[in-house]
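Novice: Structure in C-alpha cells, see below.
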Number of protein chains: 2
Amino acid sequence: MTYTAPLADMRFALREVAGLQQISALPGYEHATDDTVDAVLEEAAKLAGNGLAPLNRDGDKVGAKLENGVVRTAPGFAGIYKEFVGGGWNSLPFDPEFGGQGMPWLLAATVQEMWQAANMGFGLVLLLNQGAIDAIHHHGSADQKSTFLPRMISGEWTGTMNLTEPQAGSDLAQLKSRAVKNGDHYLVTGQKIFITYGEHDMAENIVHLVLARTPDAPAGVRGISLFIVPKFLVGADGQPGKRNDLRCVSLEHKLGIHASPTCVMSFGDDGGAVGYLVGEEGRGLSYMFTMMNNARLSVGIQGLAIAERAYQQAAAFAKQRVQSKDDGSEQPQPVSIVHHADVRRMLMTMRAQIEAMRALGYYTAAGIDGALKHPDRGAARKIQDRVDLLIPIVKAWFTDLGNEIASTGVQIHGGMGFIEETGAAQHLRDARILPIYEGTNGIQARDLVGRKVAKDGGETMLALVADMRATAGEMKAAPGDDLAAIRTALQAAADALEDATKWVAQSVKADLVAALAGSVPFLRLAGTALGGWLLAKSALAAQGKLAARDGDPAFLEAKLITARFYAEVILPPALAQLGPLKAAGRTVFALPEAQL
Amino acid sequence: MTYTAPLADMRFALREVAGLQQISALPGYEHATDDTVDAVLEEAAKLAGNGLAPLNRDGDKVGAKLENGVVRTAPGFAGIYKEFVGGGWNSLPFDPEFGGQGMPWLLAATVQEMWQAANMGFGLVLLLNQGAIDAIHHHGSADQKSTFLPRMISGEWTGTMNLTEPQAGSDLAQLKSRAVKNGDHYLVTGQKIFITYGEHDMAENIVHLVLARTPDAPAGVRGISLFIVPKFLVGADGQPGKRNDLRCVSLEHKLGIHASPTCVMSFGDDGGAVGYLVGEEGRGLSYMFTMMNNARLSVGIQGLAIAERAYQQAAAFAKQRVQSKDDGSEQPQPVSIVHHADVRRMLMTMRAQIEAMRALGYYTAAGIDGALKHPDRGAARKIQDRVDLLIPIVKAWFTDLGNEIASTGVQIHGGMGFIEETGAAQHLRDARILPIYEGTNGIQARDLVGRKVAKDGGETMLALVADMRATAGEMKAAPGDDLAAIRTALQAAADALEDATKWVAQSVKADLVAALAGSVPFLRLAGTALGGWLLAKSALAAQGKLAARDGDPAFLEAKLITARFYAEVILPPALAQLGPLKAAGRTVFALPEAQL
C-alpha cells in the first residue's frame, strides 16, 4: 500500500526518450541542469512516498465531507497541502514574473506522475489550480494577473474550472449560467455540477473560473464568456475580503476519488456572484481550449500514475503471497505466485504498458516545452502540431490502460483484491473517472479524427510514421534477437498506423460518421503503435549503453526485454484494430433504435 | 435502473442455437415442452423484473450486516426469498426423487441469467445452494440425501461451500482445518474465509459443506475430506434442533456484491462442530470437482447477466440523454446520444458480445443435459468432453467480458456513470468478483490448457473447429453481404483456433511453462472464436426464418447485423492473440524478480 517513485525508470525515460538534454538547452530552460532536475526528482519522491502516499487510504475511507456549507478534506490533507505551498511545489513550471520557477513542463509532468500515483484524490487540487493559472496567464488582464497569479502559483489560493451544468456536459453549447454586466464587474448566477475542489479547507481563497452567458449573447458556443469568480473578493490590500455570493450546495457520492470534493456549486442565490470578465465576451470556450493540452496531458499522466501505483502493489503482493508449486521445477513446495507464468504475464503486461505510457507522456510533455521555447518558430509550430495530435491519444489511451492495469492489479491479488482493506480496489475505483472527465475518451477520439487528423489530411501523423521507420532503420545494424524482434514489430506498427491514418484522413471527408465509428479503435491502434516506437527507441538506447558498459546491466537488459514483450504480446491485437476501425461504420447504425 | 428479461433473445438462443427441441426430446426431459418452458420463462421474468431487480440498489447500499453473530440481509431479501421457496424456484433442475422438478439445466441456466441480472447479490445464495445440493446428491449417503436434499431443494435450507483458508486459496493443498472422528460423526475445527452466505436470516437452517483434514491424513490434496456441518443439527423429527459449534465471526468489506454476506467462519471454538463425512475420507477435493462444471457455468452466466443488466441501463440512458448535434444530419439541434457513432459502437460491442456469450452459455448448458441424458453413452461421453472443455472458457471469457461491458456501461453514462446513485457503477463493482471466485480466470486458463487440451492432445477442440468449418460450409449457399462477411470471419476464426490449439497441445508437453504463459490469450481467442461460430449459426437461422417469413423481420435482421458487427469488429483483435500466445513464454520469465 505504499508508493516509491520509480526514479531510475523516470530518469531513463527523461534522458533517453524525451530528450531532457535538448530541452534544458532551449533558451529559458538553462537553469534546468541535470543536477537541478535530479534534486527536484529526489525531493519530490520523498514528499510523494512519505507524505502523500500514506494519506491515500484515509482519503478514500474518510473522504471529503460537506458540513454547513464548509468542506472538510480528509485527515492530513490540509497539513500536507501546507508543505506543498511551503516547498514551492505548485510553482514549478510557471512564469517567474509571477513567482514561478520556470522549469520545463517535462519536469513538471514527471513530478506530476509522482503526486498522482501517491494520492490521486489529493493530486486533483494541483491539476485544477494549474489549469486555472494557465487560463488567467494566457487571457487575463494585467490587473487580473497581478491580483491572482502570484497567490495561485504559490498555491496559497487554488483555482477551479466551472464548466458543466446538468444539461451541458460534453456539449457546452447548452449551458445556461448567466452573467450580467454591473459596472466594472458582472453578476453571475447559475448552477454548476462536477466542480472538483469547488470548496475545501486547504487554501485561503478559491478562484473559480466560470463559463456563463451574457444577456444578449448568441446561442451556442459563441455566446459563452469566461469569468473569474473568487470565493472571497480581493481587497485593495490584495487580501481575501468579503465573501462572494456562491456556495457548494452538495457533494457527489462517487465510485472513487473520495478525497476530492466534487461539488454542486450555486452562484448568485443572493442576487449574483461578483465575476470579472476574462478577455472578451463570447470567447470563453476558445480560452478554455488554450489550456486543454496541459489539462489533458495531466489526466493522461494520472492514468500512467495509477497504473504504476497498482503495479507496485501487485508486484509486491506477488512476491510475498505463497501458493502452489513452481511449474518449472520438480520441487513440490509452494512458491510465491510471482513464479507462476500467468502472474508473470500479468505483471509484464502492466509493466510494458506503463513504460510505453511513460515514454509517450514524457515525449509529449517535452513537445510542449519545445513548442514554447524553440528559437525557430517554424520548428516550434511543427512541434506544436505534433503535440496537438498526441494529446487526445495520451489522454484516452493512458486512461483506458490505467483502468485495465488497475483491474489486473486487483486480479493478481485474487480474493484479497476484492476486499477494500487491501487497497487494490481503490486504484480501480479511482481510475474509473479518468476516461470520463476532461473530455470523455470518445470525445478524445473524435478530436483526434475529426480535428487533428482532418486538419492536415494526416500529415502530422504520417510524419510520426516516418520517424518510426527511421528508428527501425537505425535498429537494422543493432545486434541481438531482442532488437530484431522489436524491429519487425515496429515495422508492422508503422505499416498499420500509416494505413489507418490514410483511411481516416480520407473517410473523415467522405463519410464522417464512418470515420467517427472507427475513431476509438484508431486511437487505440495509434497509441499502442507510438508507445511501441518509443519503447523501441528505449531498447536501442539500452543496447547502446550496454555495449558501452554505461549503467547497470540488469536494468538495461530489462529495458530490452520489456520492449520485446510489448512488441510480441501487446502490439499484435492493437494493430488488428485496423480492420475493425474501417468496418465499424458499416454496421454501427444498421440496427434501428427500437432494436437496441 | 430496472431490468427486463430479454425473452425474445433468450428464446432465440434456446431454440436456434442451443437446440432446446433436441434437449426436450431426451428421455427424462419429455415434460420440458415448449409451453412449459415458455410459462417458466415468463413467470421467472416477472419475479426477476418486479421482485428482485428493485431490491438491487438497497442490496448494495445497505448490504448485509453482522450484529451479535447474526447476519441481517438487506431490506426485502428475506421476504423475496420466501417467494422463491414458495414458487419452487430453487427446485427447477433437481431430482424429482427429492422434490426437484427435473427440468433441463438449459432451462435452469436461462432462468439463472434472470436472477443474476436482476440482483447478483441475492442470486449468490441460489448458486451456493445449487452447488451444495449437487455435491450431496452425487456423493452423500442415502441417509444424508433424505435428511438434507428435500429441504435444500425446496430452498427452506441453504447450502454453502467452505473451502478457502487464509493460506489456502487457489492452492487447497495447504488447508489446515481438522476433523476428528467421534463416534458416528466428526468434530470439525478451523477457520474458513470468503464463505458466501455463510450466515444469513433467510432460511431455517444452513448446510455447510466443509473441507478438512483427518488426523492421520497424508499431506496435500489426498488428505482432504468433505463434511456436512449444519448450522442446526437435524433432530430425529427432521427439524433443525441444537445449534452446532460454528459461527460467523466477521463479514468482509468488499468492493461489490454488498448484499451477499462474505463470512469468516469459525468452526469448533467450543470443542468441535459436529460434521458428517461425505463419501470416503481423502476424497473431498475430487467430490468438489464433480460440481465444478455446474458452478463454473453459473459464474459464467453471472458474467453474461451483469453484462445484460449494464447494457439495458446504458441503452436506456443513451436514448434519453440529449447532447450535441447529429453528425449525420444538417440539423443543429442536440439529439439523444444514441445518435452518436461512438456511443452506437459501444452499444453494439456490448450487445454483440452479450449475444455471443448467451449463445455459448446456453450451448454449454444444453451439453450438460445431453451428457446426462443422451441414451447413447458413447455420444454422451463425447458431449461431456466438449462440456468439460467449454466450462473454463465460459467461466473466464464471460466474466472478463462482464467487467469490460459493465465498464462500458459506466462510460456511456459519462460523468453520471461515476456517481453511485446512477447505479451503473454498482454493476462494475459487482462484476469485479467474477474473474476471481470459483477459480480465478488464470486458473481457468490453466485448466483449459493443462488439463482439457492436454488430456486428448487437442482432439475435442479440433472437433469444435471442424464444426465451425461445417457451419461455414452451410453458409456458402446463403444469400447476402452479411452472411458472406460473417463466413469469411468464421473461416479465419477456425484457422486461428486450429493453429492455436495445435500449438498448445504440443507445447503443453514440450514446454509447460510456455503453454501456461500463453494460456489466457489462448482462452480469449477460443472464447471469441467459438462465440463467433454460434453467432454465425444464429445469423444463418435468422436468414432462414426471414426467407420463410417466420418471425419479426426487424428482430431477425438485428441478429444478422449483430453477428456481422461481431465478425468484423470484435473477432479480429481476439484472433490476433495467436502470435502473443505463442510468444509470451519467450519473455515472461526473462526479467529477474528483483527487476519487477
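Here's how to read the names in the C-alpha cells: chain A, B, ... by the order shown, residue numbers from 1 in each chain, ligand numbers from 1 in the order shown.
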Could you please write out, as a PyMOL selection string, every residue of range 169-286 of chain A that DSSP assigns to strand (DSSP E or B)?
Specialist: chain A and resi 178-182+185-196+205-213+224-230+232-234+240-243+246-251+254+262-267+273-278
Novice: Residues of range 432-507 of chain A within 9 Å of range 525-537 of chain A: nearest atom pair and distance (Å, one decimal) for each, counting only C-alpha atoms, sorted by chain and number, as a Markdown table?
Specialist:
| residue | atom | partner | partner_atom | distance |
| --- | --- | --- | --- | --- |
| A:Leu464 | CA | A:Leu530 | CA | 8.2 |
| A:Val465 | CA | A:Leu530 | CA | 8.6 |
| A:Asp467 | CA | A:Trp533 | CA | 8.8 |
| A:Met468 | CA | A:Trp533 | CA | 5.9 |
| A:Thr471 | CA | A:Lys537 | CA | 6.8 |
| A:Ala472 | CA | A:Ala536 | CA | 8.2 |
| A:Met475 | CA | A:Ala536 | CA | 8.5 |
| A:Leu483 | CA | A:Ala536 | CA | 7.8 |
| A:Ile486 | CA | A:Ala536 | CA | 6.4 |
| A:Arg487 | CA | A:Ala536 | CA | 7.4 |
| A:Ala489 | CA | A:Gly532 | CA | 8.3 |
| A:Leu490 | CA | A:Trp533 | CA | 6.2 |
| A:Ala492 | CA | A:Ala529 | CA | 8.9 |
| A:Ala493 | CA | A:Ala529 | CA | 5.2 |
| A:Ala494 | CA | A:Ala529 | CA | 7.2 |
| A:Ala496 | CA | A:Leu525 | CA | 8.1 |
| A:Leu497 | CA | A:Ala526 | CA | 6.2 |
| A:Ala500 | CA | A:Leu525 | CA | 8.5 |
| A:Thr501 | CA | A:Ala526 | CA | 8.8 |
Novice: Output the selection as a JSON list (two decimals), in the first residue's frame - C-alpha atoms for each residue.
Specialist:
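Saved to selection_3.json:
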[["chain", "number", "residue", "atom", "x", "y", "z"],
["A", 464, "LEU", "CA", 5.43, 10.33, -36.94],
["A", 465, "VAL", "CA", 5.18, 7.18, -39.06],
["A", 467, "ASP", "CA", 10.08, 8.75, -37.63],
["A", 468, "MET", "CA", 9.02, 5.23, -36.67],
["A", 471, "THR", "CA", 14.05, 4.24, -35.86],
["A", 472, "ALA", "CA", 13.51, 0.85, -37.49],
["A", 475, "MET", "CA", 17.91, -0.73, -35.49],
["A", 483, "LEU", "CA", 16.17, -5.81, -31.17],
["A", 486, "ILE", "CA", 11.28, -5.36, -31.79],
["A", 487, "ARG", "CA", 12.25, -4.02, -35.20],
["A", 489, "ALA", "CA", 7.06, -5.36, -34.79],
["A", 490, "LEU", "CA", 7.91, -1.69, -35.23],
["A", 492, "ALA", "CA", 4.31, -3.73, -38.69],
["A", 493, "ALA", "CA", 3.19, -0.92, -36.39],
["A", 494, "ALA", "CA", 4.33, 1.73, -38.86],
["A", 496, "ALA", "CA", -0.71, -0.35, -39.76],
["A", 497, "LEU", "CA", -0.63, 3.23, -38.49],
["A", 500, "ALA", "CA", -5.18, 3.54, -40.73],
["A", 501, "THR", "CA", -4.22, 7.22, -40.91]]
Novice: Give me the residues within 9 Å of Glu438 in chain A as a count of residues only, counting only C-alpha atoms and dropping any in the same chain fewer than 6 places off.
Specialist: 5
Novice: Could you list, as a compact mmCIF listing (two decimals) with N, CA and C atoms, in the first residue's frame, every residue within 9 Å of Ser170 in chain B, counting only C-alpha atoms and ignoring same-chain residues fewer than 3 positions away?
Specialist:
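Saved to result-v7.txt:
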# COMPACT_ATOMS: atom_id res chain seq x y z
N GLN A 323 1.70 -19.75 -2.89
CA GLN A 323 0.55 -20.55 -3.31
C GLN A 323 0.95 -21.44 -4.48
N SER A 324 0.83 -22.73 -4.32
CA SER A 324 1.08 -23.73 -5.38
C SER A 324 2.56 -23.85 -5.77
N GLY A 414 -6.07 -11.88 -6.27
CA GLY A 414 -7.07 -12.92 -6.02
C GLY A 414 -8.18 -12.38 -5.12
N THR B 164 -11.92 -22.14 1.25
CA THR B 164 -10.76 -21.27 1.42
C THR B 164 -10.36 -21.04 2.88
N ALA B 173 -4.37 -27.51 -1.35
CA ALA B 173 -3.47 -28.47 -0.67
C ALA B 173 -2.99 -27.94 0.68
N GLY B 439 -12.42 -20.20 -8.78
CA GLY B 439 -11.21 -20.40 -9.60
C GLY B 439 -10.94 -19.14 -10.40
N THR B 440 -9.83 -18.47 -10.12
CA THR B 440 -9.52 -17.24 -10.87
C THR B 440 -9.48 -17.55 -12.36
N ILE B 443 -6.59 -19.51 -13.32
CA ILE B 443 -6.77 -20.94 -13.02
C ILE B 443 -7.63 -21.61 -14.11
Novice: As an exercise, work out the distance from CA of Leu66 in chain A to CA of Thr196 in chain A in Å and give it to one decimal place.
Specialist: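 Spanning CA of Leu66 in chain A to CA of Thr196 in chain A is a straight-line distance of 13.4 Å.
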Novice: Using only C-alpha atoms, determine which residues lie at most 8 Å from Ile136 in chain A, disregarding the query and same-chain residues fewer than 6 positions distant; provide the list as a PDB file with all heavy atoms, in the first residue's frame.
Specialist:
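Now in selection-v1.pdb:
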ATOM      1  N   GLN A 144      -5.662  41.457 -13.544  1.00  0.00           N
ATOM      2  CA  GLN A 144      -6.083  40.118 -13.086  1.00  0.00           C
ATOM      3  C   GLN A 144      -4.880  39.238 -12.797  1.00  0.00           C
ATOM      4  O   GLN A 144      -4.826  38.523 -11.795  1.00  0.00           O
ATOM      5  CB  GLN A 144      -6.984  39.459 -14.150  1.00  0.00           C
ATOM      6  CG  GLN A 144      -8.382  40.090 -14.229  1.00  0.00           C
ATOM      7  CD  GLN A 144      -9.161  39.645 -15.456  1.00  0.00           C
ATOM      8  OE1 GLN A 144      -8.596  39.078 -16.395  1.00  0.00           O
ATOM      9  NE2 GLN A 144     -10.459  39.938 -15.460  1.00  0.00           N
ATOM     10  N   LYS A 145      -3.895  39.337 -13.668  1.00  0.00           N
ATOM     11  CA  LYS A 145      -2.691  38.524 -13.453  1.00  0.00           C
ATOM     12  C   LYS A 145      -2.001  38.903 -12.146  1.00  0.00           C
ATOM     13  O   LYS A 145      -1.629  38.033 -11.365  1.00  0.00           O
ATOM     14  CB  LYS A 145      -1.710  38.701 -14.611  1.00  0.00           C
ATOM     15  CG  LYS A 145      -2.167  38.040 -15.902  1.00  0.00           C
ATOM     16  CD  LYS A 145      -1.043  38.087 -16.936  1.00  0.00           C
ATOM     17  CE  LYS A 145      -1.605  37.961 -18.328  1.00  0.00           C
ATOM     18  NZ  LYS A 145      -0.561  37.971 -19.357  1.00  0.00           N
ATOM     19  N   LEU A 149      -2.430  35.676  -9.981  1.00  0.00           N
ATOM     20  CA  LEU A 149      -1.416  34.675 -10.304  1.00  0.00           C
ATOM     21  C   LEU A 149      -0.411  34.387  -9.186  1.00  0.00           C
ATOM     22  O   LEU A 149      -0.145  33.211  -8.905  1.00  0.00           O
ATOM     23  CB  LEU A 149      -0.695  35.033 -11.605  1.00  0.00           C
ATOM     24  CG  LEU A 149      -1.513  34.792 -12.885  1.00  0.00           C
ATOM     25  CD1 LEU A 149      -0.649  35.067 -14.113  1.00  0.00           C
ATOM     26  CD2 LEU A 149      -2.083  33.370 -12.930  1.00  0.00           C
ATOM     27  N   VAL A 278     -12.893  37.575 -18.250  1.00  0.00           N
ATOM     28  CA  VAL A 278     -11.545  37.290 -18.759  1.00  0.00           C
ATOM     29  C   VAL A 278     -11.574  37.563 -20.264  1.00  0.00           C
ATOM     30  O   VAL A 278     -12.442  37.048 -20.980  1.00  0.00           O
ATOM     31  CB  VAL A 278     -11.148  35.829 -18.490  1.00  0.00           C
ATOM     32  CG1 VAL A 278      -9.783  35.529 -19.105  1.00  0.00           C
ATOM     33  CG2 VAL A 278     -11.135  35.542 -16.992  1.00  0.00           C
TER      34      VAL A 278
END
Novice: Range 19-34 of chain B: which residues within 7 Å, counting only C-alpha atoms, same-chain residues fewer than 3 positions away excluded, as a list in words?
Specialist: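 Here the qualifying residues turn out to be Leu14, Arg15, Glu16, Val37, Asp38, Met103, Pro104, Ala366, Asp369, Gly370, Lys373 and His374 of chain B.
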Novice: Between CA of Thr460 in chain B and CA of Ile391 in chain B, what distance in Å does the model show, to one decimal?
Specialist: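 Between CA of Thr460 in chain B and CA of Ile391 in chain B the gap works out to 12.9 Å.
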